[in-house]
Amino acid sequence: MATDPVLYAAINNLKEPIGAVRIVPSSFSSASYLDAGGIFKSSDYPDLAKVMPTGCQGTFFTKVEIPFANPTSIIISDNGVNIIFTNSQTGKFWASNDSGVTWAQSTWASGTYTWRGIVADRNNGFVAWGSSTGTTAGVLVTSTSNDGITWQTVTVHASTTVYPSGTFFISSNNTWFVSLNSGLKRYVNSTWTTVPAFNGWSTSAQILNLNNNILFMHNSTNSYLSVDDGASTSISTLSVLSGGYSLVPETTKSYCIVNYASTGTAAAPVTYKITYDGIIWLGVNHSIEQGFSGSGGFAINDCYFNINGPRTKVARTLDGITWDYNAPIYVDSVKNADVLSKGYGNFTKDYAYIVPTGKNYLFKSVPSTYSTYQLIPPATSTTPGTKVVVRAK
């Protein structure tokens, strides 16, 4: 590595190899060089990514402070800016409209209804849903908020009697869906209609986004895909999962993975099925020897799984088939040392949040971290008025 500063013109005339390190004046700027200690995307600098040392590959987050430790749930808006979290210490909602920079307590008033949950819509707002009675059976009630802080008057959906302990889902077109014992319902033009599919749905039916289509999953026997916002459906091959799936992770934009017929032991490791189109399901096998549990956690575009036991790394994949079980994450460009607990993703999975165990802060993903990132080895110059750069292209 050179030890003397070189002039801008001189360094641009050098035919250095990709990854070469130089000390340059602090004012130096070139599209061919990146400052050491920075972060870059491998799709932007593929040649540099190829020569990076092992261990520089990761996914990047920034620290987000929250009012209380250990939030019990987090809901993230489509743009990743509006956030709601609940905390068991207070039983209250807290919301942020600036990606976690500041927080305010919600004006939520639950009234006399039994509430089941909150989901984000595609206008960067939120919808709460529940029952008009104190039991699982009753008329569906909803309340909406544009920011998660101020909530509107509760709407009673008297046109249909539902069982609101089921799944409530909002599609990419802002169509509402509820899974019921009496069938799967969609809400269009202030009217509830039945989704055309097998209607022996249980209240635990899963409804997921897949490539902006909708994947309906009924227990372990059937799943259906709709490409027209629930107006029609096509049955998939999920029925091949004769052992029954135990959990459905959140989908990414590209695929969905289900855990099925596994005991979580060394003798019977976690087994998965994966679909890229919502119709054909393929087998995927993973060993639990790496220490990761089989339950789905959260996803941006590459899927992460919950961690079994104290871990500072995550299981990471770009295609759902090939996995890195020791993928580091970087928080504010520093390799993470916190024990990770649980993760959350927003609707489009452009953003993800990780909760460190027992902490009063979150890790928020850098926007659009779809491809592999690399961390340039941190380096500083001891010569006044200079900095270290790396040849990137």
# chains A, B, ... in the order shown; residues from 1 in each chain; ligands from 1
>>> residues_around(residues="Leu34 in chain A", least_positions_apart="4", cutoff="9 Å", atoms="only C-alpha atoms", output="list of chain:residue names")
A:Ser29, A:Ser30, A:Gly38, A:Ile39, A:Phe40, A:Ile376, A:Val388, A:Val389, A:Val390, A:Arg391, A:Ala392
>>> residues_around(residues="range 114-129 of chain A", least_positions_apart="6", cutoff="6 Å", atoms="only C-alpha atoms", output="PyMOL selection string")
chain A and resi 77-78+141-147+174
>>> atom_distance(atom1="CA of Asn212 in chain A", atom2="CA of Ser172 in chain A")
5.9 Å
>>> residues_around(residues="Phe85 in chain A", least_positions_apart="6", cutoff="10 Å", atoms="only C-alpha atoms", output="PyMOL selection string")
chain A and resi 66-68+70-76+92-96+105-106+148
>>> atom_distance(atom1="CA of Lys335 in chain A", atom2="CA of Asp47 in chain A")
23.1 Å
>>> select_by_dssp(residues="range 48-194 of chain A", states="strand (DSSP E)", output="PyMOL selection string")
chain A and resi 57-65+73-76+83-87+92-96+104-105+114-120+126-131+138-145+155-162+168-170+176-180+183-188+191-194
>>> closest_residue(among="A:Gly343, A:Pro17, A:Gly58, A:Pro25", to="Arg316 in chain A", atoms="only C-alpha atoms")
A:Gly58
>>> atom_distance(atom1="CA of Met217 in chain A", atom2="CA of Leu180 in chain A")
12.7 Å
>>> residues_around(residues="Lys313 in chain A", least_positions_apart="4", cutoff="9 Å", atoms="only C-alpha atoms", output="VMD selection string")
chain A and resid 307 325 to 329 336 to 337 339 to 340
>>> decode(residues="range 13-107 of chain A", atoms="C-alpha atoms", output="CSV table (one decimal), in the first residue's frame")
chain,number,residue,atom,x,y,z
A,13,ASN,CA,-3.7,8.0,-14.7
A,14,LEU,CA,-2.7,4.9,-12.7
A,15,LYS,CA,-3.9,1.6,-14.0
A,16,GLU,CA,-4.3,0.0,-10.6
A,17,PRO,CA,-6.1,-3.2,-10.0
A,18,ILE,CA,-9.5,-3.3,-8.5
A,19,GLY,CA,-9.2,-3.2,-4.7
A,20,ALA,CA,-5.9,-1.3,-4.7
A,21,VAL,CA,-5.6,1.0,-1.7
A,22,ARG,CA,-4.2,4.6,-1.9
A,23,ILE,CA,-3.7,7.5,0.4
A,24,VAL,CA,-5.0,10.7,-1.3
A,25,PRO,CA,-5.8,14.3,-0.3
A,26,SER,CA,-9.0,14.7,1.7
A,27,SER,CA,-10.6,16.6,-1.1
A,28,PHE,CA,-10.0,13.8,-3.6
A,29,SER,CA,-13.1,12.6,-5.5
A,30,SER,CA,-13.4,10.1,-8.3
A,31,ALA,CA,-16.1,7.8,-9.5
A,32,SER,CA,-13.5,5.0,-9.8
A,33,TYR,CA,-12.7,5.1,-6.0
A,34,LEU,CA,-14.6,4.7,-2.8
A,35,ASP,CA,-13.6,5.9,0.6
A,36,ALA,CA,-12.3,3.2,2.9
A,37,GLY,CA,-14.8,2.3,5.6
A,38,GLY,CA,-17.8,3.0,3.4
A,39,ILE,CA,-20.5,0.7,2.2
A,40,PHE,CA,-21.3,-0.3,-1.3
A,41,LYS,CA,-23.7,-2.5,-3.2
A,42,SER,CA,-22.3,-5.4,-5.1
A,43,SER,CA,-24.6,-4.8,-8.1
A,44,ASP,CA,-23.0,-1.3,-8.4
A,45,TYR,CA,-19.4,-2.5,-8.1
A,46,PRO,CA,-19.4,-6.2,-9.1
A,47,ASP,CA,-15.6,-6.3,-9.8
A,48,LEU,CA,-14.8,-4.9,-6.3
A,49,ALA,CA,-17.2,-7.3,-4.7
A,50,LYS,CA,-15.2,-10.2,-6.2
A,51,VAL,CA,-11.9,-9.2,-4.5
A,52,MET,CA,-13.3,-8.3,-1.1
A,53,PRO,CA,-12.0,-10.4,1.8
A,54,THR,CA,-14.2,-13.1,3.5
A,55,GLY,CA,-16.3,-11.5,6.2
A,56,CYS,CA,-17.0,-8.2,4.5
A,57,GLN,CA,-20.3,-9.5,3.2
A,58,GLY,CA,-23.4,-8.4,5.1
A,59,THR,CA,-26.7,-6.6,5.4
A,60,PHE,CA,-26.8,-3.1,6.8
A,61,PHE,CA,-28.9,-1.4,9.4
A,62,THR,CA,-29.1,1.8,11.4
A,63,LYS,CA,-30.0,2.1,15.0
A,64,VAL,CA,-33.5,3.4,15.9
A,65,GLU,CA,-34.3,4.4,19.5
A,66,ILE,CA,-37.7,3.5,21.0
A,67,PRO,CA,-39.4,4.6,24.2
A,68,PHE,CA,-39.4,1.1,25.8
A,69,ALA,CA,-37.4,-2.1,25.5
A,70,ASN,CA,-38.8,-5.3,24.1
A,71,PRO,CA,-41.7,-4.2,21.9
A,72,THR,CA,-44.3,-6.9,21.7
A,73,SER,CA,-45.2,-6.2,18.0
A,74,ILE,CA,-44.2,-3.8,15.3
A,75,ILE,CA,-46.2,-2.7,12.2
A,76,ILE,CA,-44.4,-0.8,9.4
A,77,SER,CA,-46.0,1.3,6.7
A,78,ASP,CA,-45.4,0.6,3.0
A,79,ASN,CA,-42.7,3.4,2.8
A,80,GLY,CA,-41.0,2.3,6.0
A,81,VAL,CA,-41.5,5.8,7.5
A,82,ASN,CA,-44.7,5.3,9.7
A,83,ILE,CA,-44.2,2.8,12.4
A,84,ILE,CA,-46.4,1.5,15.3
A,85,PHE,CA,-45.2,-0.6,18.2
A,86,THR,CA,-46.9,-2.0,21.3
A,87,ASN,CA,-45.3,-2.7,24.6
A,88,SER,CA,-46.5,-5.0,27.3
A,89,GLN,CA,-45.3,-2.6,30.0
A,90,THR,CA,-47.9,0.0,29.1
A,91,GLY,CA,-50.4,-1.7,26.9
A,92,LYS,CA,-50.2,1.4,24.7
A,93,PHE,CA,-49.4,2.1,21.1
A,94,TRP,CA,-46.5,4.3,20.2
A,95,ALA,CA,-46.0,5.7,16.7
A,96,SER,CA,-43.3,7.4,14.7
A,97,ASN,CA,-43.7,9.3,11.4
A,98,ASP,CA,-40.0,9.9,10.8
A,99,SER,CA,-38.6,6.3,10.7
A,100,GLY,CA,-38.1,6.2,14.4
A,101,VAL,CA,-36.4,9.6,15.0
A,102,THR,CA,-39.2,10.8,17.3
A,103,TRP,CA,-42.1,8.9,18.9
A,104,ALA,CA,-45.6,9.9,20.1
A,105,GLN,CA,-48.1,7.9,22.2
A,106,SER,CA,-51.2,7.0,20.1
A,107,THR,CA,-54.6,8.4,20.8
